[in-house]
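*Asks:* Shown below is the structure under consideration.
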Amino acid sequence: MQTLFIDKEIDYTGEQLAPHWIYKNFNIMGNAIVAFIGACDVNLEHMVDIEDVINDEPIYSKKMLSIIEENFNSSLVEMVYKQRLLVTITKELIEKNYPKVNITRSGDDLFIGDKKLSVSIATKSITSTLIHFGLNIDAEGAPVKAADLTNDVGVLDVEKFALDLLYLYQQEVDDINFATSKVRGVV
């Protein structure tokens, strides 16, 4: 699993959740996960979550940490498992470094109290499976009651937080891959 924190502002519109976006834009071929900071404004045209489309619920955040993963050898079900793993690792990272924060997970969403901290979706393209996971940095103007990393968690260095998260996730995925190769089959 290759990782990259992109040190330039990119606004997430939903168009980035596409096959080979990471390769075409950052020359990283194969399974990879990248993080970047920018606004998030996904209109219904680029919405992948059909439930959100039916409910007319676009996604908006004034400033968001966005994470995109692309995988070329996972089914959609496996990618949903990986999505939940990424969300769980994020929750654990917050709990470890910000122990006074009351963070909970419901499925693929994180909440601080009754305010939503994250957005997340896993999907399948013609060549790969993909995840977008976003954490509000500034929740002002969000269409739902929202929390953010800065005001509600206390994260002062979002880039360091992102790098720590990418590292922990990469280690977990690599360890899972190792675990699948060290066993002998049974008959």
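Residue numbering restarts at 1 in every chain; chains get A, B, ... in the order shown in the structure tokens, and ligands count up from 1 in that same order.
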With only C-alpha atoms counted and 8 Å as the cut-off, give the residues of range 148-171 of chain A in contact with range 91-101 of chain A, each with its shortest interatomic distance in Å and the pair that gives it, as a Markdown table.
*Replies:*
```
| residue | atom | partner | partner_atom | distance |
| --- | --- | --- | --- | --- |
| A:Asp152 | CA | A:Val101 | CA | 7.7 |
| A:Val153 | CA | A:Val101 | CA | 6.2 |
| A:Gly154 | CA | A:Tyr98 | CA | 7.4 |
| A:Leu165 | CA | A:Leu93 | CA | 7.3 |
```
*Asks:* Residues of the last selection are to be written out with N, CA and C atoms, as a PDB file, in the first residue's frame.
*Replies:*
```pdb
ATOM      1  N   ASP A 152     -13.770  20.981  17.550  1.00  0.00           N
ATOM      2  CA  ASP A 152     -14.383  19.956  18.396  1.00  0.00           C
ATOM      3  C   ASP A 152     -13.397  18.897  18.877  1.00  0.00           C
ATOM      4  N   VAL A 153     -12.335  18.659  18.115  1.00  0.00           N
ATOM      5  CA  VAL A 153     -11.335  17.672  18.531  1.00  0.00           C
ATOM      6  C   VAL A 153     -10.127  18.361  19.150  1.00  0.00           C
ATOM      7  N   GLY A 154      -9.687  19.469  18.555  1.00  0.00           N
ATOM      8  CA  GLY A 154      -8.509  20.171  19.046  1.00  0.00           C
ATOM      9  C   GLY A 154      -7.263  19.916  18.228  1.00  0.00           C
ATOM     10  N   LEU A 165      -2.437   9.131  10.434  1.00  0.00           N
ATOM     11  CA  LEU A 165      -3.534   8.257  10.022  1.00  0.00           C
ATOM     12  C   LEU A 165      -3.133   7.391   8.835  1.00  0.00           C
TER      13      LEU A 165
END
```
*Asks:* Please tabulate, as a tab-separated table, the residues of range 86-163 of chain A that come within 7 Å of range 11-28 of chain A, each with its closest pair of atoms and the distance in Å to one decimal, counting only C-alpha atoms and ordering rows by chain, then residue number upward.
*Replies:*
```
residue	atom	partner	partner_atom	distance
A:Ser125	CA	A:Pro19	CA	6.2
A:Thr127	CA	A:Pro19	CA	6.6
A:Ser128	CA	A:Pro19	CA	6.4
A:Leu130	CA	A:Leu17	CA	6.7
A:His132	CA	A:Leu17	CA	6.8
```
*Asks:* Taking only C-alpha atoms into account, which of A:Ile67, A:Val119, A:Leu163, A:Ala39 comes nearest Glu140 in chain A?
*Replies:*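 Looking at the shortest contact to Glu140 in chain A, the residue is A:Ala39.
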*Asks:* Glu172 in chain A: which residues within 12 Å, counting only C-alpha atoms, same-chain residues fewer than 3 positions away excluded, as a list in words?
*Replies:*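 Result of the neighbour search: Met1, Lys82, Leu85, Leu86, Thr88, Ile89, Leu165, Leu166, Tyr167, Leu168, Tyr169, Asp175, Ile176, Asn177, Phe178 and Ala179 of chain A.
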*Asks:* Mind dumping the selected residues with C-alpha atoms as an mmCIF file, in the first residue's frame?
*Replies:*
```cif
data_model
loop_
_atom_site.group_PDB
_atom_site.id
_atom_site.type_symbol
_atom_site.label_atom_id
_atom_site.label_comp_id
_atom_site.auth_asym_id
_atom_site.auth_seq_id
_atom_site.Cartn_x
_atom_site.Cartn_y
_atom_site.Cartn_z
ATOM 1 C CA MET A 1 0.000 0.000 0.000
ATOM 2 C CA LYS A 82 -11.451 -1.435 4.582
ATOM 3 C CA LEU A 85 -11.220 -0.165 9.225
ATOM 4 C CA LEU A 86 -10.069 3.330 8.180
ATOM 5 C CA THR A 88 -12.085 2.776 13.220
ATOM 6 C CA ILE A 89 -8.373 3.617 13.056
ATOM 7 C CA LEU A 165 -3.534 8.257 10.022
ATOM 8 C CA LEU A 166 -2.065 7.200 6.672
ATOM 9 C CA TYR A 167 0.842 5.494 8.434
ATOM 10 C CA LEU A 168 -1.390 3.578 10.869
ATOM 11 C CA TYR A 169 -3.723 2.485 8.086
ATOM 12 C CA ASP A 175 -0.019 -6.554 8.316
ATOM 13 C CA ILE A 176 -3.315 -8.043 7.082
ATOM 14 C CA ASN A 177 -1.674 -8.878 3.752
ATOM 15 C CA PHE A 178 1.249 -10.484 5.589
ATOM 16 C CA ALA A 179 -1.161 -12.497 7.759
#
```
*Asks:* Tell me, in Å to one decimal, how far CA of Leu76 in chain A is from CA of Asp174 in chain A.
*Replies:*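 Taking CA of Leu76 in chain A and CA of Asp174 in chain A, their separation equals 18.9 Å.
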